[in-house]
file upload_16.csv (CSV, C-alpha atoms)
chain,number,residue,atom,x,y,z
A,1,MET,CA,-13.1,38.7,-2.9
A,2,SER,CA,-16.3,39.1,-4.9
A,3,SER,CA,-18.4,37.4,-2.3
A,4,MET,CA,-17.8,40.1,0.3
A,5,SER,CA,-21.0,42.1,-0.5
A,6,ALA,CA,-23.7,42.8,2.0
A,7,PRO,CA,-22.4,41.6,5.4
A,8,ALA,CA,-25.4,40.4,7.2
A,9,ALA,CA,-26.0,40.2,11.0
A,10,LEU,CA,-23.6,38.6,13.3
A,11,PRO,CA,-21.7,36.3,13.4
A,12,THR,CA,-19.6,38.3,11.0
A,13,PRO,CA,-16.5,36.2,10.2
A,14,VAL,CA,-13.0,37.6,9.9
A,15,VAL,CA,-11.6,37.5,6.4
A,16,LEU,CA,-7.9,37.0,6.5
A,17,PRO,CA,-6.1,38.9,3.8
A,18,ALA,CA,-4.8,35.8,2.2
A,19,ALA,CA,-2.3,37.6,0.0
A,20,LYS,CA,-0.5,38.9,3.1
A,21,ALA,CA,-0.7,35.6,5.0
A,22,VAL,CA,0.3,33.5,2.0
A,23,ILE,CA,3.9,32.9,3.0
A,24,TRP,CA,3.0,31.6,6.4
A,25,LEU,CA,0.2,29.5,5.1
A,26,VAL,CA,2.1,28.0,2.3
A,27,GLY,CA,5.2,27.4,4.5
A,28,THR,CA,3.2,25.7,7.2
A,29,ALA,CA,1.4,23.5,4.6
A,30,LEU,CA,4.8,22.5,3.1
A,31,ILE,CA,6.3,21.6,6.5
A,32,ALA,CA,3.1,19.6,7.4
A,33,LEU,CA,3.2,17.8,4.1
A,34,ALA,CA,6.9,16.9,4.7
A,35,ILE,CA,6.0,15.4,8.1
A,36,TYR,CA,3.1,13.5,6.5
A,37,TYR,CA,5.5,12.2,3.9
A,38,PHE,CA,8.1,11.0,6.4
A,39,ILE,CA,5.5,9.3,8.6
A,40,GLY,CA,3.5,7.7,5.8
A,41,VAL,CA,5.6,7.3,2.7
A,42,ASP,CA,9.3,7.5,3.0
A,43,GLN,CA,11.4,4.4,2.7
A,44,GLY,CA,8.4,2.6,1.3
A,45,ALA,CA,7.4,3.7,-2.2
A,46,TYR,CA,10.1,6.4,-2.1
A,47,SER,CA,13.2,7.0,-0.1
A,48,VAL,CA,15.2,10.2,0.4
A,49,PHE,CA,17.9,8.5,2.4
A,50,GLY,CA,18.5,5.6,-0.1
A,51,LYS,CA,18.2,2.1,1.2
A,52,ASP,CA,18.0,3.0,4.8
A,53,MET,CA,15.0,1.7,6.8
A,54,HIS,CA,15.3,3.5,10.2
A,55,VAL,CA,12.4,6.0,9.6
A,56,HIS,CA,10.2,3.2,8.2
A,57,GLU,CA,10.9,0.8,11.0
A,58,PHE,CA,10.5,3.3,13.7
A,59,VAL,CA,7.0,4.6,12.7
A,60,HIS,CA,6.1,1.1,11.3
A,61,ASP,CA,3.0,0.6,13.5
A,62,ALA,CA,1.7,4.1,13.1
A,63,ARG,CA,2.1,3.8,9.3
A,64,HIS,CA,0.0,0.7,9.2
A,65,PHE,CA,-2.6,2.1,11.7
A,66,LEU,CA,-2.9,5.5,9.9
A,67,GLY,CA,-3.9,3.7,6.7
A,68,PHE,CA,-0.7,4.0,4.7
A,69,PRO,CA,0.5,1.1,2.5
A,70,CYS,CA,3.5,-0.6,4.1
A,71,HIS,CA,6.1,-3.3,3.1
B,1,MET,CA,-3.5,36.3,13.0
B,2,GLU,CA,-2.6,33.5,10.7
B,3,LYS,CA,0.5,32.8,12.9
B,4,ARG,CA,-1.7,32.5,16.0
B,5,LEU,CA,-4.1,30.2,14.2
B,6,ILE,CA,-1.3,28.0,13.0
B,7,LEU,CA,0.2,27.8,16.5
B,8,ARG,CA,-3.2,26.8,17.9
B,9,GLY,CA,-3.6,24.2,15.1
B,10,GLY,CA,-0.3,22.6,16.0
B,11,ILE,CA,-1.3,22.5,19.7
B,12,ALA,CA,-4.7,21.0,19.0
B,13,GLY,CA,-3.1,18.5,16.6
B,14,ALA,CA,-0.6,17.4,19.2
B,15,VAL,CA,-3.3,16.9,21.8
B,16,ALA,CA,-5.4,15.0,19.2
B,17,GLY,CA,-2.4,12.8,18.2
B,18,LEU,CA,-1.7,12.0,21.8
B,19,LEU,CA,-5.3,10.8,22.3
B,20,ALA,CA,-5.1,8.8,19.2
B,21,PHE,CA,-1.9,7.2,20.4
B,22,VAL,CA,-3.4,6.2,23.7
B,23,PHE,CA,-6.3,4.7,21.8
B,24,ALA,CA,-3.9,2.9,19.4
B,25,ARG,CA,-1.7,1.6,22.3
B,26,ILE,CA,-4.8,0.1,24.0
B,27,PHE,CA,-6.8,-1.2,21.0
B,28,ALA,CA,-4.5,-1.5,17.9
B,29,GLU,CA,-1.4,-3.0,19.4
B,30,PRO,CA,-3.0,-6.3,20.4
B,31,GLN,CA,-4.3,-6.7,16.8
B,32,ILE,CA,-0.9,-5.7,15.4
B,33,ALA,CA,0.8,-8.3,17.7
B,34,LYS,CA,-1.7,-11.0,16.4
B,35,ALA,CA,-0.9,-10.0,12.8
B,36,ILE,CA,2.8,-10.3,13.4
B,37,ASP,CA,2.4,-13.7,15.1
B,38,TYR,CA,0.4,-14.8,12.0
B,39,GLU,CA,3.2,-13.6,9.8
B,40,SER,CA,5.9,-15.3,11.8
B,41,GLY,CA,4.0,-18.6,11.8
B,42,ARG,CA,3.4,-18.3,8.1
B,43,ASP,CA,7.0,-17.6,7.3
B,44,ALA,CA,8.0,-20.7,9.3
B,45,ALA,CA,5.5,-22.8,7.4
B,46,GLN,CA,6.7,-21.4,4.1
B,47,GLU,CA,10.3,-22.2,5.1
B,48,VAL,CA,9.4,-25.8,5.7
B,49,LEU,CA,7.8,-26.0,2.3
B,50,ASP,CA,10.8,-24.3,0.7
B,51,LYS,CA,13.2,-26.8,2.3
B,52,ALA,CA,11.1,-29.7,1.2
B,53,ALA,CA,11.2,-28.3,-2.4
B,54,GLY,CA,14.9,-27.9,-2.2
B,55,LEU,CA,15.0,-24.1,-2.1
B,56,THR,CA,17.3,-22.2,0.2
B,57,PRO,CA,15.3,-19.8,2.3
B,58,GLU,CA,16.1,-16.1,2.1
B,59,ALA,CA,17.8,-14.7,5.2
B,60,ALA,CA,15.4,-12.3,7.0
B,61,GLY,CA,16.8,-8.8,7.5
B,62,PRO,CA,17.9,-7.7,11.0
B,63,ASP,CA,15.3,-5.9,13.1
B,64,ILE,CA,16.4,-2.3,13.4
B,65,PHE,CA,14.0,-1.5,16.3
B,66,SER,CA,12.6,-4.1,18.7
B,67,ARG,CA,8.9,-4.7,18.8
B,68,THR,CA,8.8,-3.0,22.2
B,69,ILE,CA,10.2,0.2,20.7
B,70,GLN,CA,7.9,0.1,17.7
B,71,ALA,CA,4.8,-0.7,19.8
B,72,ASN,CA,5.3,2.0,22.4
B,73,VAL,CA,7.7,4.8,21.2
B,74,GLY,CA,7.5,4.5,17.5
B,75,ILE,CA,3.7,4.5,17.2
B,76,GLY,CA,3.5,7.2,19.8
B,77,LEU,CA,5.8,9.7,18.0
B,78,GLY,CA,4.3,8.7,14.7
B,79,MET,CA,0.7,9.5,15.9
B,80,VAL,CA,1.7,12.7,17.7
B,81,PHE,CA,3.6,14.0,14.7
B,82,PHE,CA,0.9,13.0,12.3
B,83,GLY,CA,-1.5,14.9,14.6
B,84,ILE,CA,0.7,18.0,14.6
B,85,ALA,CA,1.0,17.9,10.8
B,86,MET,CA,-2.7,17.5,10.4
B,87,GLY,CA,-3.3,20.3,12.9
B,88,ALA,CA,-1.1,22.6,10.9
B,89,LEU,CA,-2.8,21.7,7.6
B,90,PHE,CA,-6.2,22.1,9.4
B,91,ALA,CA,-5.2,25.6,10.6
B,92,VAL,CA,-4.2,26.6,7.1
B,93,ALA,CA,-7.5,25.3,5.7
B,94,TYR,CA,-9.3,27.1,8.5
B,95,ALA,CA,-7.6,30.4,7.8
B,96,VAL,CA,-8.4,30.2,4.1
B,97,CYS,CA,-12.1,29.3,4.9
B,98,LEU,CA,-12.6,32.1,7.4
B,99,GLY,CA,-15.1,34.5,6.0
B,100,ARG,CA,-15.3,32.7,2.6
B,101,VAL,CA,-17.7,29.9,3.4
B,102,GLY,CA,-20.8,31.7,4.7
B,103,LYS,CA,-22.0,32.7,8.1
B,104,LEU,CA,-20.5,30.3,10.5
B,105,ARG,CA,-19.3,30.7,14.1
B,106,PRO,CA,-15.6,30.0,14.5
B,107,ARG,CA,-16.4,26.8,16.5
B,108,ASN,CA,-18.8,25.4,14.0
B,109,LEU,CA,-16.3,26.2,11.2
B,110,ALA,CA,-13.6,24.3,13.1
B,111,MET,CA,-15.8,21.2,13.3
B,112,LEU,CA,-16.7,21.4,9.6
B,113,VAL,CA,-13.0,21.7,8.6
B,114,ALA,CA,-12.2,18.8,10.9
B,115,LEU,CA,-14.9,16.7,9.2
B,116,GLY,CA,-13.5,17.7,5.8
B,117,GLY,CA,-10.0,16.6,7.0
B,118,PHE,CA,-11.3,13.2,8.3
B,119,LEU,CA,-13.2,12.5,5.0
B,120,GLY,CA,-10.6,13.9,2.6
B,121,VAL,CA,-7.4,12.8,4.1
B,122,TYR,CA,-8.4,9.5,5.5
B,123,LEU,CA,-11.9,8.0,5.2
B,124,VAL,CA,-12.5,8.4,1.4
B,125,PRO,CA,-9.1,6.9,0.5
B,126,PHE,CA,-9.8,4.2,3.0
B,127,VAL,CA,-12.9,3.2,1.1
B,128,LYS,CA,-10.8,2.3,-1.9
B,129,TYR,CA,-7.6,1.2,-0.2
B,130,PRO,CA,-8.3,0.3,3.5
B,131,ALA,CA,-5.7,0.2,6.2
B,132,ASN,CA,-3.9,-3.1,6.5
B,133,PRO,CA,-2.2,-4.7,9.5
B,134,PRO,CA,1.4,-6.1,9.2
B,135,ALA,CA,1.5,-9.4,7.2
B,136,ILE,CA,-0.8,-7.9,4.5
B,137,GLY,CA,1.0,-6.3,1.6
B,138,HIS,CA,3.6,-7.7,-0.8
B,139,PRO,CA,6.9,-5.9,-0.7
B,140,GLU,CA,7.3,-6.0,-4.5
B,141,THR,CA,4.1,-3.9,-5.0
B,142,ILE,CA,4.9,-1.2,-2.4
B,143,LYS,CA,5.7,1.4,-5.0
B,144,ASP,CA,2.4,0.9,-6.8
B,145,ARG,CA,0.4,0.7,-3.6
B,146,GLY,CA,2.0,3.8,-2.3
B,147,ASN,CA,1.3,5.8,-5.5
B,148,LEU,CA,-2.3,4.5,-5.8
B,149,TYR,CA,-3.0,5.5,-2.2
B,150,LEU,CA,-1.5,9.0,-2.7
B,151,VAL,CA,-3.6,9.4,-5.9
B,152,MET,CA,-6.7,8.6,-3.8
B,153,VAL,CA,-5.7,11.1,-1.1
B,154,VAL,CA,-4.9,13.9,-3.6
B,155,CYS,CA,-8.2,13.3,-5.6
B,156,SER,CA,-10.3,13.1,-2.5
B,157,VAL,CA,-8.9,16.4,-1.0
B,158,VAL,CA,-8.9,18.3,-4.3
B,159,PHE,CA,-12.5,17.2,-5.1
B,160,LEU,CA,-13.5,18.2,-1.6
B,161,VAL,CA,-12.1,21.7,-2.0
B,162,GLY,CA,-13.9,21.7,-5.4
B,163,ALA,CA,-17.2,20.6,-3.8
B,164,VAL,CA,-17.0,23.5,-1.3
B,165,TRP,CA,-16.3,25.9,-4.1
B,166,LEU,CA,-19.2,24.5,-6.1
B,167,GLY,CA,-21.5,24.7,-3.1
B,168,LYS,CA,-20.7,28.4,-2.7
B,169,ARG,CA,-21.4,29.0,-6.4
B,170,LEU,CA,-24.7,27.2,-6.3
B,171,GLN,CA,-25.9,28.7,-3.0
B,172,ALA,CA,-27.2,31.9,-4.5
B,173,ARG,CA,-29.4,30.0,-6.9
B,174,PHE,CA,-30.5,26.9,-4.9
B,175,GLY,CA,-30.2,28.0,-1.3
B,176,ASN,CA,-28.0,26.5,1.4
B,177,TRP,CA,-29.6,23.1,1.7
B,178,ASN,CA,-29.9,22.2,-1.9
B,179,ALA,CA,-26.6,23.7,-2.8
B,180,THR,CA,-24.9,21.5,-0.2
B,181,LEU,CA,-26.7,18.4,-1.4
B,182,LEU,CA,-25.8,19.1,-5.0
B,183,ALA,CA,-22.1,19.7,-4.1
B,184,ALA,CA,-22.0,16.5,-2.1
B,185,GLY,CA,-23.6,14.6,-4.9
B,186,ALA,CA,-21.0,16.0,-7.4
B,187,TYR,CA,-18.2,15.0,-5.0
B,188,ILE,CA,-19.6,11.4,-4.7
B,189,VAL,CA,-19.9,11.1,-8.5
B,190,ALA,CA,-16.4,12.4,-9.1
B,191,ILE,CA,-14.6,10.4,-6.5
B,192,GLY,CA,-16.7,7.3,-7.5
B,193,ILE,CA,-15.4,7.6,-11.0
B,194,VAL,CA,-11.8,7.7,-9.8
B,195,MET,CA,-12.4,4.7,-7.5
B,196,ALA,CA,-13.9,2.8,-10.4
B,197,LEU,CA,-10.9,3.6,-12.6
B,198,LEU,CA,-8.1,2.8,-10.2
B,199,PRO,CA,-7.2,-0.9,-10.0
B,200,GLN,CA,-7.8,-3.2,-7.1
B,201,LEU,CA,-4.5,-4.1,-5.3
B,202,GLY,CA,-4.9,-7.8,-6.1
B,203,GLU,CA,-5.1,-6.9,-9.8
B,204,LEU,CA,-1.6,-5.3,-10.0
B,205,SER,CA,0.4,-7.1,-12.6
B,206,ALA,CA,3.0,-8.5,-10.1
B,207,ASN,CA,0.2,-9.9,-8.0
B,208,VAL,CA,-1.7,-11.5,-10.9
B,209,HIS,CA,1.5,-13.0,-12.1
B,210,GLU,CA,2.2,-14.6,-8.7
B,211,TYR,CA,-1.2,-15.3,-7.2
B,212,GLY,CA,-3.7,-15.1,-10.1
B,213,HIS,CA,-6.7,-12.8,-10.0
B,214,GLN,CA,-7.6,-11.7,-6.5
B,215,ALA,CA,-9.3,-8.6,-5.1
B,216,THR,CA,-6.6,-7.8,-2.5
B,217,GLU,CA,-3.3,-8.9,-1.1
B,218,THR,CA,-4.7,-10.4,2.0
B,219,PRO,CA,-2.8,-13.7,2.5
B,220,LEU,CA,-4.6,-16.8,1.3
B,221,PRO,CA,-4.2,-20.2,2.9
B,222,LEU,CA,-0.7,-21.7,2.3
B,223,LYS,CA,-0.8,-25.0,0.4
B,224,ASP,CA,1.9,-27.6,0.0
B,225,ALA,CA,2.7,-29.3,-3.3
B,226,LYS,CA,-0.2,-31.7,-3.0
B,227,GLY,CA,-2.7,-28.8,-2.5
B,228,SER,CA,-3.5,-29.4,1.1
B,229,ILE,CA,-3.6,-26.4,3.4
B,230,VAL,CA,-0.7,-26.2,5.7
B,231,TYR,CA,-1.3,-22.7,7.1
B,232,PRO,CA,-4.6,-20.8,7.2
B,233,GLY,CA,-5.4,-17.5,5.4
B,234,PHE,CA,-5.2,-14.3,7.4
B,235,PRO,CA,-7.7,-14.3,10.3
B,236,ALA,CA,-10.8,-12.3,9.3
B,237,ASP,CA,-11.5,-11.1,12.8
B,238,VAL,CA,-8.1,-9.6,13.2
B,239,LEU,CA,-8.4,-7.8,9.9
B,240,PHE,CA,-11.8,-6.4,10.8
B,241,SER,CA,-10.8,-5.3,14.3
B,242,PHE,CA,-7.6,-3.6,13.0
B,243,ARG,CA,-9.6,-1.7,10.3
B,244,PHE,CA,-12.4,-0.8,12.7
B,245,TYR,CA,-9.9,0.6,15.2
B,246,SER,CA,-8.0,2.4,12.5
B,247,VAL,CA,-11.2,4.3,11.5
B,248,ALA,CA,-12.1,4.9,15.1
B,249,ALA,CA,-8.6,6.4,15.8
B,250,GLN,CA,-8.8,8.8,12.9
B,251,ALA,CA,-12.4,9.8,13.9
B,252,LEU,CA,-11.0,10.4,17.4
B,253,LEU,CA,-8.1,12.4,16.1
B,254,TRP,CA,-10.1,14.7,13.8
B,255,ALA,CA,-12.9,15.2,16.3
B,256,SER,CA,-10.5,16.2,19.1
B,257,LEU,CA,-8.6,18.4,16.7
B,258,GLY,CA,-11.8,20.3,16.0
B,259,LEU,CA,-13.0,20.3,19.6
B,260,VAL,CA,-9.7,21.6,20.9
B,261,PHE,CA,-9.1,24.1,18.2
B,262,GLY,CA,-12.7,25.5,18.0
B,263,PRO,CA,-12.9,27.2,21.4
B,264,MET,CA,-9.3,28.5,21.1
B,265,ALA,CA,-10.2,30.0,17.7
B,266,GLU,CA,-13.4,31.5,19.1
B,267,ARG,CA,-11.5,33.2,21.9
B,268,LEU,CA,-9.0,34.5,19.3
B,269,LEU,CA,-11.5,35.7,16.8
B,270,ASP,CA,-14.1,37.1,19.1
B,271,PRO,CA,-12.6,40.6,19.6
B,272,ALA,CA,-11.9,40.8,15.9
B,273,MET,CA,-15.5,39.8,15.2
B,274,ARG,CA,-16.8,42.7,17.3
B,275,THR,CA,-14.5,45.1,15.4
B,276,ALA,CA,-15.7,43.7,12.1
B,277,ALA,CA,-19.3,44.1,13.2
B,278,LYS,CA,-18.9,47.8,13.6
B,279,PRO,CA,-20.0,49.8,10.6
B,280,ALA,CA,-17.3,50.3,8.1
B,281,PRO,CA,-16.9,53.9,6.9
B,282,ASN,CA,-17.9,53.1,3.3
B,283,GLN,CA,-21.1,51.5,4.2
B,284,PRO,CA,-24.3,53.5,4.1
B,285,GLU,CA,-25.9,51.8,7.0
B,286,PRO,CA,-24.5,49.9,9.9
B,287,ALA,CA,-24.9,46.2,9.7
B,288,GLY,CA,-27.4,44.8,12.2
B,289,ALA,CA,-25.9,43.6,15.4
B,290,ALA,CA,-27.2,40.6,17.3
call {"tool": "encode", "arguments": {"input": "upload_16.csv", "output": "structure tokens"}}
result
Amino acid sequence: MSSMSAPAALPTPVVLPAAKAVIWLVGTALIALAIYYFIGVDQGAYSVFGKDMHVHEFVHDARHFLGFPCH
Amino acid sequence: MEKRLILRGGIAGAVAGLLAFVFARIFAEPQIAKAIDYESGRDAAQEVLDKAAGLTPEAAGPDIFSRTIQANVGIGLGMVFFGIAMGALFAVAYAVCLGRVGKLRPRNLAMLVALGGFLGVYLVPFVKYPANPPAIGHPETIKDRGNLYLVMVVCSVVFLVGAVWLGKRLQARFGNWNATLLAAGAYIVAIGIVMALLPQLGELSANVHEYGHQATETPLPLKDAKGSIVYPGFPADVLFSFRFYSVAAQALLWASLGLVFGPMAERLLDPAMRTAAKPAPNQPEPAGAA
């Protein structure tokens, strides 16, 4: 990182070596996005299980309340 | 370190989602029930009109889950899993930000990342496409509405990341305060352009074809063939309350995410901070300690 010069007084933050952590970070982000997709989008605009509505109907109220378009 | 941060993000997210669920159960469910009552009444009125016009009504699909399941278990699991997912994303963003966004205590950084999540993931998309209770939203436009909402979410998050990067770039030249203001201004202009370009939901071609030019899909009064109103439009108070509680629940979720994660991160990072504060071998002078 180019912005690492001249560390000033505390609080000195910890810089994670992003290159080493990248698998964990990207993997976590992908899983989180999958959950986001199933709660908010699946069986609405898109559907990975075809014309089934179980996921949609089960999280129906949460989907409305969290701000996703529904029906 | 990143694994421990992610674990804490998931825990904080679950706690936040649980709180948001309790809030939703108390405040949102009565509004959702009113909206569903409105929808049922309207469907019944529509059926009478259709019969009078000689149309055979469509058979309604069977209910897969009862309202009791939806209003207690479904929304609960939905909110908790949403919280866990946002907690995990939050932890990823936090890990990337650590040490790259200036001198911030771990707790304060947690609150700022939570604020960013609230704005980027929810509130800014809400400004263009606000949350709607059941009964609002035409089934034939769900694909367009879903895509437009996701475009708003993606733009708002990407621009927010861009604004943070821009603020860092400008900081050397303009100082913290002015760089922050400039970056915030750039964000507002950029997202404002996107909002102006994206269509209003009522202007989607399927809606214009069916209902004429309207701003939204909120149900208008139902009229019979002679033009007299047989069923009212969607109640404005229910719509306001639902949206207000929706914003409040997300504010609660992101605030508790930051408040639960912050102290945990501080405990986790503190020993590491002390190590980092020690003079590194390649530095001519030890950094000042406070």
call {"tool": "atom_distance", "arguments": {"input": "upload_16.csv", "atom1": "atom CA of Ala29 of chain A", "atom2": "atom CA of Ala93 of chain B"}}
result
9.1 Å
call {"tool": "closest_residue", "arguments": {"input": "upload_16.csv", "among": "B:Ala88, B:Val230, B:Leu201, B:Ile75", "to": "Gly41 of chain B", "atoms": "only C-alpha atoms"}}
result
B:Val230
call {"tool": "residues_around", "arguments": {"input": "upload_16.csv", "residues": "His213 of chain B", "least_positions_apart": "4", "cutoff": "9 Å", "atoms": "only C-alpha atoms", "output": "VMD selection string"}}
result
chain B and resid 202 to 203 207 to 209
call {"tool": "closest_residue", "arguments": {"input": "upload_16.csv", "among": "B:Pro235, B:Pro125, B:Gly116, B:Gly9", "to": "Ala95 of chain B", "atoms": "only C-alpha atoms"}}
result
B:Gly9
call {"tool": "interface_residues", "arguments": {"input": "upload_16.csv", "of": "chain B", "to": "chain A", "cutoff": "6 Å", "atoms": "only C-alpha atoms", "output": "PyMOL selection string"}}
result
chain B and resi 70+74-75+78+85+89+92+98-99+131+133+139+142-143+146+246+288-290
call {"tool": "atom_distance", "arguments": {"input": "upload_16.csv", "atom1": "atom CA of Gly137 of chain B", "atom2": "atom CA of Thr218 of chain B"}}
result
7.0 Å
call {"tool": "residues_around", "arguments": {"input": "upload_16.csv", "residues": "Gly258 of chain B", "least_positions_apart": "5", "cutoff": "10 Å", "atoms": "all atoms listed in the file", "output": "PyMOL selection string"}}
result
chain B and resi 9+12-13+16+87+90+107-115+117+253+263-265
call {"tool": "atom_distance", "arguments": {"input": "upload_16.csv", "atom1": "atom CA of Asn147 of chain B", "atom2": "atom CA of Leu198 of chain B"}}
result
10.9 Å
call {"tool": "closest_residue", "arguments": {"input": "upload_16.csv", "among": "B:Pro219, B:Pro62, B:Gly212, B:Gly83", "to": "Phe21 of chain B", "atoms": "all atoms listed in the file"}}
result
B:Gly83
call {"tool": "residues_around", "arguments": {"input": "upload_16.csv", "residues": "Gly17 of chain B", "least_positions_apart": "5", "cutoff": "9 Å", "atoms": "only C-alpha atoms", "output": "short mmCIF file (atom, residue, chain, number, x, y, z; two decimals) with C-alpha atoms, in the frame of the given file"}}
result
data_model
loop_
_atom_site.label_atom_id
_atom_site.label_comp_id
_atom_site.auth_asym_id
_atom_site.auth_seq_id
_atom_site.Cartn_x
_atom_site.Cartn_y
_atom_site.Cartn_z
CA ALA B 12 -4.70 21.00 19.00
CA VAL B 22 -3.40 6.20 23.70
CA GLY B 76 3.50 7.20 19.80
CA LEU B 77 5.80 9.70 18.00
CA GLY B 78 4.30 8.70 14.70
CA MET B 79 0.70 9.50 15.90
CA VAL B 80 1.70 12.70 17.70
CA PHE B 81 3.60 14.00 14.70
CA PHE B 82 0.90 13.00 12.30
CA GLY B 83 -1.50 14.90 14.60
CA ILE B 84 0.70 18.00 14.60
CA LEU B 252 -11.00 10.40 17.40
CA LEU B 253 -8.10 12.40 16.10
CA SER B 256 -10.50 16.20 19.10
CA LEU B 257 -8.60 18.40 16.70
#
call {"tool": "residues_around", "arguments": {"input": "upload_16.csv", "residues": "Cys155 of chain B", "least_positions_apart": "3", "cutoff": "8 Å", "atoms": "all atoms listed in the file", "output": "ChimeraX atom specification"}}
result
/B:151-152,158-159,191,194
call {"tool": "residues_around", "arguments": {"input": "upload_16.csv", "residues": "Gln31 of chain B", "least_positions_apart": "5", "cutoff": "12 Å", "atoms": "all atoms listed in the file", "output": "ChimeraX atom specification"}}
result
/A:61,64-65 /B:24-26,36-38,71,132-135,235-246
call {"tool": "build_atoms", "arguments": {"input": "upload_16.csv", "residues": "segment 12-25 of chain B", "atoms": "N, CA and C atoms", "output": "tab-separated table (two decimals), keeping the file's coordinate frame"}}
result
chain	number	residue	atom	x	y	z
B	12	ALA	N	-3.53	21.91	19.03
B	12	ALA	CA	-4.70	21.00	19.00
B	12	ALA	C	-4.34	19.70	18.33
B	13	GLY	N	-3.50	19.75	17.30
B	13	GLY	CA	-3.10	18.50	16.60
B	13	GLY	C	-2.27	17.62	17.50
B	14	ALA	N	-1.38	18.23	18.30
B	14	ALA	CA	-0.60	17.40	19.20
B	14	ALA	C	-1.44	16.72	20.24
B	15	VAL	N	-2.42	17.46	20.80
B	15	VAL	CA	-3.30	16.90	21.80
B	15	VAL	C	-4.11	15.72	21.10
B	16	ALA	N	-4.61	15.97	19.90
B	16	ALA	CA	-5.40	15.00	19.20
B	16	ALA	C	-4.53	13.73	18.88
B	17	GLY	N	-3.28	13.97	18.47
B	17	GLY	CA	-2.40	12.80	18.20
B	17	GLY	C	-2.08	12.03	19.40
B	18	LEU	N	-1.94	12.72	20.53
B	18	LEU	CA	-1.70	12.00	21.80
B	18	LEU	C	-2.85	11.12	22.17
B	19	LEU	N	-4.07	11.66	22.04
B	19	LEU	CA	-5.30	10.80	22.30
B	19	LEU	C	-5.32	9.64	21.41
B	20	ALA	N	-5.05	9.88	20.12
B	20	ALA	CA	-5.10	8.80	19.20
B	20	ALA	C	-4.04	7.74	19.48
B	21	PHE	N	-2.90	8.19	19.99
B	21	PHE	CA	-1.90	7.20	20.40
B	21	PHE	C	-2.32	6.37	21.54
B	22	VAL	N	-2.92	7.00	22.57
B	22	VAL	CA	-3.40	6.20	23.70
B	22	VAL	C	-4.41	5.17	23.23
B	23	PHE	N	-5.31	5.60	22.35
B	23	PHE	CA	-6.30	4.70	21.80
B	23	PHE	C	-5.58	3.55	21.02
B	24	ALA	N	-4.60	3.91	20.23
B	24	ALA	CA	-3.90	2.90	19.40
B	24	ALA	C	-3.14	1.93	20.33
B	25	ARG	N	-2.52	2.46	21.40
B	25	ARG	CA	-1.70	1.60	22.30
B	25	ARG	C	-2.65	0.56	22.94
